[in-house]
Structures are given as C-alpha cells and as structure tokens.
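Notes follow the structure.
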Amino acid sequence: MTRSPLEKLLERELARFEGSHPRSRALAADARRSLLGGVPMHWMVRWPGGFPVFATEAAGAHFLDVDGNEYVDFCLGDTGAMAGHSPAPTARAVADQAARGITLMLPSENGLRVADELARRFGLPLWQFALTATDANRFAVRLARAVTGRPKVLVFNWCYHGTVDETFAALADGRVVARAGNLGPPVPLDETTRVVEWNDLEALERELAHGDVACVLAEPALTNVGIVLPEAGFHAALRETTRRHGTLLVIDETHTLCTGPGGYTAAHGLEPDVLTIGKAIGGGIASAAYGFTEELARRVQAVIPQDESDVGGVGGTLAANALSLAAMRATLREVLTDAAFAQMLGLGERFERGVQAAIDAHALPWHVTRLGCRVEYLFRPERPRTGSEAAAGADPLLDRLIHLYALNRGILLTPFHNMALISPATTADDVDRHTSVFAEATAEIAAASWVV
Ligand SMILES: Cc1ncc(COP(=O)(O)O)c(C=O)c1O
C-alpha cells in the first residue's frame with residue numbers, strides 16, 4: 001500500500017482550493033497583522049485548506065464566502081447553528097429584544113417560560129442559565145463538589161465538555177494524565193479527575209469505589225471523537241453505580257440534543273441528577289442551561305449562602321441576560337420543535353444511507369454511525385466501543401482530503417472529525433448533494449488504491 005496517490009490527490013485539491021478562494025486567501029494573509037495566528041480563535045487554523053474560508057452571510061443551511069462560493073453547511077457552527085442560520089423566529093425575537101434592553105441583572109418572564117419548556121423536554125424541574133455549555137458544565141461540577149464534599153470528577157476517556165479544566169484528562173497506561181494539547185493545566189490532572197474508558201463498567205465501579213468522586217460528567221454517547229454509542233445496559237448500570245456510590249450523574253446534552261426534542265435523556269429515559277446543555281438552544285446566541293432534580297436543588301440551595309451568593313464561583317454577569325433568554329424562548333418554541341425534529345431525523349437517515357452506499361460500493365473498510373440527526377463516518381470497519389478505539393480510527397491525511405474535497409464542491413463538514421449535522425432548514429437536496437460528492441470522493445480514493 002502506498003499513500004502517495006492520496007497525497008497527490010490532496011495536492012490537487014489544495015491547488016483547486018487556492019484557485020477558487022483568492023479573496024479568503026488575501027484576507028487570511030492580512031489577518032496575520034492583528035490576529036494571533038491570523039484567526040480570531042486559535043482552532044480555526046485547523047481548517048483543511050491552509051487558510052480558512054471567510055464567510056459573508058448565512059441563512060438556513062447555506063452560507064456564502066467572500067469569493068462568491070456557496071456552500072451547504074453540515075458543520076452548523078459545530079452545533080451552535082443546529083437550528084439553522086438565523087432562523088426567522090429567533091432573529092425576530094433577538095431584534096425585538098435588542099431594541100428593548102439586552103441585559104439587566106433582573107429576571108424577565110422569558111426565563112420562566114424557557115425553564116418550563118426545558119423541564120417539559122428533559123424531565124428535570126429546576127433550571128439555571130449560563131452563556132456557554134462550558135460554563136454550564138463548570139457550574140454543575142462545582143455544585144456537585146459543594147453538595148457532596150468530594151473533590152473529584154470522573155469523565156470518560158476522549159470526552160469533550162468544553163474548556164473545563166478537570167475534563168482535559170486522559171488515560172495513559174492506566175494513569176490519569178493531562179490530555180495532549182492541554183495548555184497550562186492548573187494542577188496535575190490526577191488530583192482532580194478520574195478517567196475510565198466509555199462502556200467500561202468494571203473500571204467505573206473500581207474508580208467510584210474510592211468514594212472521592214463528586215460527579216460523573218458524561219455525554220449520553222461520546223460525540224467528540226466520532227460517535228461512540230453506549231452498549232445495551234450501559235446507562236442503566238451507570239445510573240445504578242453512581243447512585244450506589246453517592247456520586248451525582250451530570251449528563252451533558254449539548255451535542256446529543258440531535259437525538260430528539262428532549263435529547264438522548266428523553267428518548268432513552270435517562271435519570272440524571274443534573275443535565276447541562278448549550279450551543280443550539282439559543283439559535284446561535286450565547287445561551288446555556290443546567291437543570292436539577294428537586295432533591296438535588298434542595299441540597300444545592302442549602303449550600304449557597306444568601307449573602308455570598310455572588311461570589312460562589314457559579315454564574316456570570318451576563319448569564320441569563322434578556323437577549324439570551326429571548327433567543328432560547330423563540331428557538332425552543334418555534335424552531336427546534338417536535339415537528340422539525342421529525343424531519344431532521346428522516347434526513348439524518350437519508351444522509352447515513354448515502355454514506356453507507358458509497359462505502360459499500362467501494363468495499364472501503366470504513367463505517368458510518370448516526371445519532372438522530374448527527375451522522376459521522378470513521379476510517380475503521382467496526383464501530384468503536386471506546387474513545388480510544390475511535391481515536392485510533394482517525395486518519396489525518398484522509399480527514400484532510402475528504403474535508404477539502406467536500407469544501408471544494410460546496411460542502412462544509414465539522415473540521416475536527418467527519419461529522420455532519422442536519423438543521424430544520426436542511427433539505428433532501430442538500431443531503432443528496434453531499435451524497436454525490438462523497439460518492440465521487442470515495443471513488444477517487446478507492447481508485448488511488450490506498451486500500452490493500
Ligand atoms: C458535549 C459538549 N459539551 C460542552 C461543550 C462546550 O461548548 P461551548 O464551547 O459552547 O462552551 C462542547 C463543545 O464542543 C461539547 O461538545
């Protein structure tokens with residue numbers, strides 16, 4: 001097996017990208033004068049063309065770049081725009097609210113209505129708001145430590161929950177270490193965190209038996225190293241084990257909202273003590289929420305001293321601001337509706353079928369996994385059981401080639417892995433456009449005979 005034909009394909013695609021994005025290229029060069037690394041946020045250097053595409057406008061499931069290229073967006077701001085770009089009800093509510101006060105440090109009726117809706121969807125009765133899923137997770141972990149009096153959090157290997165210090169931990173030969181790329185961890189990770197592989201119930205039991213874990217913080221399925229689904233019985237065992245050890249269960253639904261209107265929690269009857277969610281619920285306006293059971297809410301309230309409730313390390317000046325609440329209310333009530341989800345799930349299936357057909361047509365040793373309206377393909381034949389197995393199925397060269405190939409033909413995938421997300425505005429034509437580009441890519445890749 002030689003990889004050079006693949007590298008030649010990549011060179012061809014890089015040249016095509018440069019040729020069709022002169023304005024983006026010029027802006028990227030100019031941006032180096034005033035933006036660190038030439039980008040407004042450092043991970044944007046990871047786009048596959050050598051410089052990022054500069055967008056001009058986006059609507060629904062489409063956007064335009066400064067060179068006049070038009071794209072179908074399956075990245076959707078890595079879930080931030082899962083409601084579609086600028087959905088009309090959200091845009092209207094935001095414009096209306098922006099003209100009537102953006103932040104006040106006072107409650108508005110919208111907060112109450114959003115909490116009611118979140119309670120209806122996820123089954124947890126009491127809610128608080130934040131501006132990012134990172135913060136919702138950070139606050140959940142802090143409160144879990146406060147009520148249990150325990151110092152540690154347990155996460156699953158290769159998880160991602162935002163920039164929460166405790167979660168940037170990894171397993172190396174059974175030891176907890178800082179995850180590769182973790183910048184300036186405040187303390188060694190084994191002081192704050194226990195880590196086990198996803199689906200490894202034996203390890204979960206062993207680690208919780210230490211009696212020092214305040215909470216398990218988990219997505220219902222890993223979604224940030226490809227999709228790694230829970231095995232049958234995993235969630236029931238996770239719940240039973242955490243309860244038995246007096247450890248709280250925090251379920252992060254930020255990405256798994258793709259399962260349905262009440263996320264994986266409602267679809268599969270999970271019973272978390274705390275549920276965190278961000279990104280999509282405000283239609284792209286900074287918004288996040290975390291909800292508690294009645295019992296936990298009582299325990300939380302008991303540890304928050306009334307007179308020092310502003311310095312407890314939980315909250316933020318702009319959290320629950322009027323604009324964010326208006327955006328959440330409109331997005332939940334009018335955009336990410338039950339009817340919208342029914343359509344999104346159907347298109348997710350269509351996307352999956354298209355990818356599977358192309359994999360089959362060329363007998364590629366790859367597979368495709370779907371969680372509701374989120375679809376992901378991985379370069380290994382079997383579904384991974386753990387984050388480590390999924391990570392081992394990554395192939396940086398293939399990743400880059402496929403992303404660039406798609407980008408050159410008007411398709412944007414999520415940059416860090418091969419993920420596609422469907423919004424209420426995505427159409428069957430959009431999905432079929434991806435299917436045809438993916439089929440073209442797999443035919444070329446198979447012909448380049450990199451597969452032995
Ligand atoms: C599951 C999950 N939780 C939390 C976050 C953090 O979201 P944010 O970066 O908006 O704070 C992410 C981000 O990708 C995520 O995937």
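For the structure tokens, the naming scheme is as follows: chains receive sequential letters (A, B, ...) according to their order of presentation, residues are indexed from 1 within each chain, and ligands are indexed from 1 in presentation order.
Residues within 7 Å of stretch 126-130 of chain A, counting only C-alpha atoms and excluding same-chain residues fewer than 2 positions away, are Ala115, Leu124, Thr132, Asp135, Ala136, Ser287, Ala288, Ala289, Tyr290, Gly291, Phe292, Thr293, Glu294, Ala297, Gly315, Ala319 and Ala320 of chain A.
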Using the chain letters and numbers from this document, which residues of stretch 146-341 of chain A does DSSP assign to strand (DSSP E or B), as a compact mmCIF listing (two decimals) with N, CA and C atoms, in the first residue's frame?
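File produced: selection-v7.txt:
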# COMPACT_ATOMS: atom_id res chain seq x y z
N LYS A 152 -13.39 15.10 43.51
CA LYS A 152 -13.06 14.71 42.13
C LYS A 152 -14.26 14.59 41.20
N VAL A 153 -13.94 14.61 39.91
CA VAL A 153 -14.95 14.36 38.88
C VAL A 153 -14.45 13.16 38.06
N LEU A 154 -15.38 12.36 37.59
CA LEU A 154 -15.00 11.24 36.70
C LEU A 154 -15.52 11.53 35.30
N VAL A 155 -14.62 11.39 34.33
CA VAL A 155 -15.03 11.57 32.93
C VAL A 155 -14.56 10.36 32.12
N PHE A 156 -15.06 10.26 30.89
CA PHE A 156 -14.70 9.14 30.03
C PHE A 156 -13.58 9.55 29.08
N ALA A 169 -8.42 15.46 30.80
CA ALA A 169 -7.62 14.38 31.35
C ALA A 169 -7.70 13.20 30.40
N ALA A 170 -6.68 12.37 30.45
CA ALA A 170 -6.67 11.20 29.56
C ALA A 170 -6.02 10.04 30.30
N LEU A 171 -6.25 8.84 29.78
CA LEU A 171 -5.62 7.66 30.36
C LEU A 171 -4.35 7.34 29.57
N ALA A 172 -3.25 7.10 30.30
CA ALA A 172 -2.01 6.64 29.66
C ALA A 172 -1.51 5.47 30.49
N ARG A 175 -2.91 5.35 33.87
CA ARG A 175 -2.72 6.53 34.72
C ARG A 175 -3.47 7.72 34.15
N VAL A 176 -3.90 8.63 35.05
CA VAL A 176 -4.57 9.85 34.58
C VAL A 176 -3.52 10.92 34.33
N VAL A 177 -3.51 11.43 33.10
CA VAL A 177 -2.54 12.48 32.73
C VAL A 177 -3.29 13.60 32.02
N ALA A 178 -2.58 14.72 31.80
CA ALA A 178 -3.18 15.81 31.01
C ALA A 178 -3.33 15.34 29.58
N THR A 193 -9.28 14.48 38.79
CA THR A 193 -10.09 13.73 37.84
C THR A 193 -9.78 12.23 37.85
N ARG A 194 -10.82 11.44 37.73
CA ARG A 194 -10.67 10.02 37.43
C ARG A 194 -11.18 9.80 36.01
N VAL A 195 -10.55 8.89 35.29
CA VAL A 195 -10.91 8.67 33.88
C VAL A 195 -11.10 7.18 33.64
N VAL A 196 -12.17 6.82 32.98
CA VAL A 196 -12.34 5.43 32.55
C VAL A 196 -12.74 5.42 31.07
N VAL A 213 -15.44 10.70 44.38
CA VAL A 213 -15.93 11.32 43.14
C VAL A 213 -17.27 12.03 43.39
N ALA A 214 -17.26 13.34 43.21
CA ALA A 214 -18.48 14.14 43.40
C ALA A 214 -19.49 13.84 42.31
N CYS A 215 -19.02 13.80 41.05
CA CYS A 215 -19.95 13.54 39.95
C CYS A 215 -19.25 12.87 38.79
N VAL A 216 -20.05 12.11 38.07
CA VAL A 216 -19.64 11.65 36.73
C VAL A 216 -20.21 12.67 35.76
N LEU A 217 -19.37 13.18 34.88
CA LEU A 217 -19.82 14.09 33.82
C LEU A 217 -19.72 13.33 32.51
N ALA A 218 -20.88 13.11 31.86
CA ALA A 218 -20.87 12.26 30.67
C ALA A 218 -21.83 12.78 29.62
N LEU A 222 -20.47 9.35 23.36
CA LEU A 222 -19.36 10.25 23.03
C LEU A 222 -19.64 10.81 21.63
N VAL A 228 -19.46 7.48 19.62
CA VAL A 228 -19.29 6.16 20.25
C VAL A 228 -20.54 5.93 21.10
N LEU A 248 -22.99 11.97 42.02
CA LEU A 248 -24.03 12.57 41.19
C LEU A 248 -23.76 12.29 39.71
N LEU A 249 -24.83 12.23 38.94
CA LEU A 249 -24.69 11.99 37.50
C LEU A 249 -25.08 13.25 36.74
N VAL A 250 -24.09 13.82 36.06
CA VAL A 250 -24.33 15.02 35.23
C VAL A 250 -24.30 14.58 33.76
N ILE A 251 -25.41 14.76 33.08
CA ILE A 251 -25.49 14.38 31.66
C ILE A 251 -25.43 15.64 30.81
N ASP A 252 -24.45 15.66 29.91
CA ASP A 252 -24.22 16.81 29.03
C ASP A 252 -24.90 16.54 27.68
N VAL A 274 -28.24 16.08 37.23
CA VAL A 274 -28.09 17.39 36.59
C VAL A 274 -28.01 17.16 35.08
N LEU A 275 -28.61 18.04 34.31
CA LEU A 275 -28.50 17.98 32.85
C LEU A 275 -27.96 19.33 32.38
N THR A 276 -26.94 19.28 31.54
CA THR A 276 -26.37 20.53 31.02
C THR A 276 -26.59 20.59 29.51
N ILE A 277 -26.78 21.80 29.02
CA ILE A 277 -26.97 21.96 27.57
C ILE A 277 -26.60 23.39 27.16
N ALA A 288 -26.97 28.88 27.49
CA ALA A 288 -26.80 27.52 28.03
C ALA A 288 -27.67 27.41 29.27
N ALA A 289 -27.91 26.16 29.68
CA ALA A 289 -28.77 25.95 30.85
C ALA A 289 -28.34 24.68 31.55
N TYR A 290 -28.65 24.61 32.84
CA TYR A 290 -28.43 23.36 33.58
C TYR A 290 -29.59 23.17 34.54
N GLY A 291 -30.09 21.92 34.57
CA GLY A 291 -31.28 21.63 35.35
C GLY A 291 -31.01 20.58 36.41
N PHE A 292 -31.79 20.64 37.48
CA PHE A 292 -31.59 19.74 38.62
C PHE A 292 -32.86 18.98 38.96
Taking only C-alpha atoms and all ligand atoms into account, produce a table as a Markdown table in which each residue of chain A with an atom at most 10 Å from an atom of ligand 1 appears once, together with its shortest atom pair and the distance in Å to one decimal, ordered by chain and rising number.
| residue | atom | partner | partner_atom_place_in_ligand_line | distance |
| --- | --- | --- | --- | --- |
| A:Gly77 | CA | ligand 1 | 14 (O) | 9.7 |
| A:Asp78 | CA | ligand 1 | 14 (O) | 6.8 |
| A:Thr79 | CA | ligand 1 | 14 (O) | 7.9 |
| A:Gly80 | CA | ligand 1 | 10 (O) | 7.2 |
| A:Ala130 | CA | ligand 1 | 11 (O) | 9.7 |
| A:Leu131 | CA | ligand 1 | 11 (O) | 7.9 |
| A:Thr132 | CA | ligand 1 | 11 (O) | 4.2 |
| A:Ala133 | CA | ligand 1 | 11 (O) | 4.0 |
| A:Thr134 | CA | ligand 1 | 11 (O) | 3.6 |
| A:Asp135 | CA | ligand 1 | 11 (O) | 6.4 |
| A:Ala136 | CA | ligand 1 | 11 (O) | 8.0 |
| A:Asn137 | CA | ligand 1 | 4 (C) | 7.1 |
| A:Arg138 | CA | ligand 1 | 11 (O) | 9.6 |
| A:Cys159 | CA | ligand 1 | 1 (C) | 7.8 |
| A:Tyr160 | CA | ligand 1 | 16 (O) | 5.6 |
| A:His161 | CA | ligand 1 | 3 (N) | 3.6 |
| A:Gly162 | CA | ligand 1 | 6 (C) | 3.4 |
| A:Thr163 | CA | ligand 1 | 6 (C) | 6.7 |
| A:Val164 | CA | ligand 1 | 6 (C) | 8.4 |
| A:Leu217 | CA | ligand 1 | 3 (N) | 9.8 |
| A:Ala218 | CA | ligand 1 | 1 (C) | 8.2 |
| A:Glu219 | CA | ligand 1 | 1 (C) | 6.0 |
| A:Pro220 | CA | ligand 1 | 1 (C) | 9.1 |
| A:Ala221 | CA | ligand 1 | 1 (C) | 9.1 |
| A:Leu222 | CA | ligand 1 | 1 (C) | 7.8 |
| A:Thr223 | CA | ligand 1 | 16 (O) | 6.8 |
| A:Asn224 | CA | ligand 1 | 16 (O) | 6.0 |
| A:Val225 | CA | ligand 1 | 16 (O) | 9.8 |
| A:Ile251 | CA | ligand 1 | 1 (C) | 9.2 |
| A:Asp252 | CA | ligand 1 | 1 (C) | 5.8 |
| A:Glu253 | CA | ligand 1 | 1 (C) | 6.5 |
| A:Thr254 | CA | ligand 1 | 1 (C) | 4.9 |
| A:His255 | CA | ligand 1 | 1 (C) | 5.2 |
| A:Thr256 | CA | ligand 1 | 1 (C) | 7.5 |
| A:Leu257 | CA | ligand 1 | 1 (C) | 9.8 |
| A:Thr276 | CA | ligand 1 | 3 (N) | 8.0 |
| A:Ile277 | CA | ligand 1 | 3 (N) | 7.2 |
| A:Gly278 | CA | ligand 1 | 10 (O) | 6.1 |
| A:Lys279 | CA | ligand 1 | 10 (O) | 5.2 |
| A:Ala280 | CA | ligand 1 | 10 (O) | 8.9 |
| A:Gly284 | CA | ligand 1 | 10 (O) | 9.7 |
| A:Ala286 | CA | ligand 1 | 10 (O) | 7.9 |
| A:Ser287 | CA | ligand 1 | 10 (O) | 8.5 |
| A:Ala288 | CA | ligand 1 | 10 (O) | 8.2 |
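Around A:Arg329, within 9 Å and counting only C-alpha atoms, the residues found are Thr90, Ala93, Asn110, Gly111, Arg113, Val114, Glu117, Ile281, Gly282, Ser324, Leu325, Arg333 and Glu334 of chain A, once anything fewer than 4 positions away on its own chain is removed.
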Give me the stretch 55-92 of chain A side of the contact with stretch 397-415 of chain A, cut-off 10 Å, one line per residue showing its nearest atom pair and distance in Å at one decimal, counting only C-alpha atoms, sorted by chain and residue number, as a tab-separated table.
residue	atom	partner	partner_atom	distance
A:His62	CA	A:Ile411	CA	9.3
A:Phe63	CA	A:Gly410	CA	9.6
A:Leu64	CA	A:Gly410	CA	9.6
A:Asn69	CA	A:Gly410	CA	7.3
A:Glu70	CA	A:Gly410	CA	6.1
A:Tyr71	CA	A:Gly410	CA	4.2
A:Val72	CA	A:Ile411	CA	5.1
A:Asp73	CA	A:Leu412	CA	5.0
A:Phe74	CA	A:Leu413	CA	5.2
A:Cys75	CA	A:Thr414	CA	4.3
A:Leu76	CA	A:Thr414	CA	7.8
A:Gly77	CA	A:Thr414	CA	7.9
A:Asp78	CA	A:Thr414	CA	6.2
A:Thr79	CA	A:Thr414	CA	9.3
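Of the residues listed (A:Pro261, A:Pro424, A:Gly313, A:Gly19), A:Pro424 shows the shortest atom-to-atom separation from A:Ala81; distances use only C-alpha atoms.
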Determine, using only C-alpha atoms, which residues of stretch 215-307 of chain A have any atom at most 7 Å from an atom of stretch 362-384 of chain A, and tabulate each with its shortest atom pair and distance in Å to one decimal place, rows ordered by chain and then rising number, as JSON lines.
{"residue": "A:Gly226", "atom": "CA", "partner": "A:Glu376", "partner_atom": "CA", "distance": 6.2}
{"residue": "A:Ile227", "atom": "CA", "partner": "A:Glu376", "partner_atom": "CA", "distance": 6.6}
{"residue": "A:Val228", "atom": "CA", "partner": "A:Pro384", "partner_atom": "CA", "distance": 6.1}
{"residue": "A:Cys258", "atom": "CA", "partner": "A:Cys373", "partner_atom": "CA", "distance": 5.3}
{"residue": "A:Thr259", "atom": "CA", "partner": "A:Gly372", "partner_atom": "CA", "distance": 4.1}
{"residue": "A:Gly260", "atom": "CA", "partner": "A:Gly372", "partner_atom": "CA", "distance": 6.6}
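In this model, the gap between atom CA of A:Asp338 and atom CA of A:Ser86 comes to 19.0 Å.
Atom CA of A:Ala61 lies 11.7 Å from atom CA of A:Ala420.
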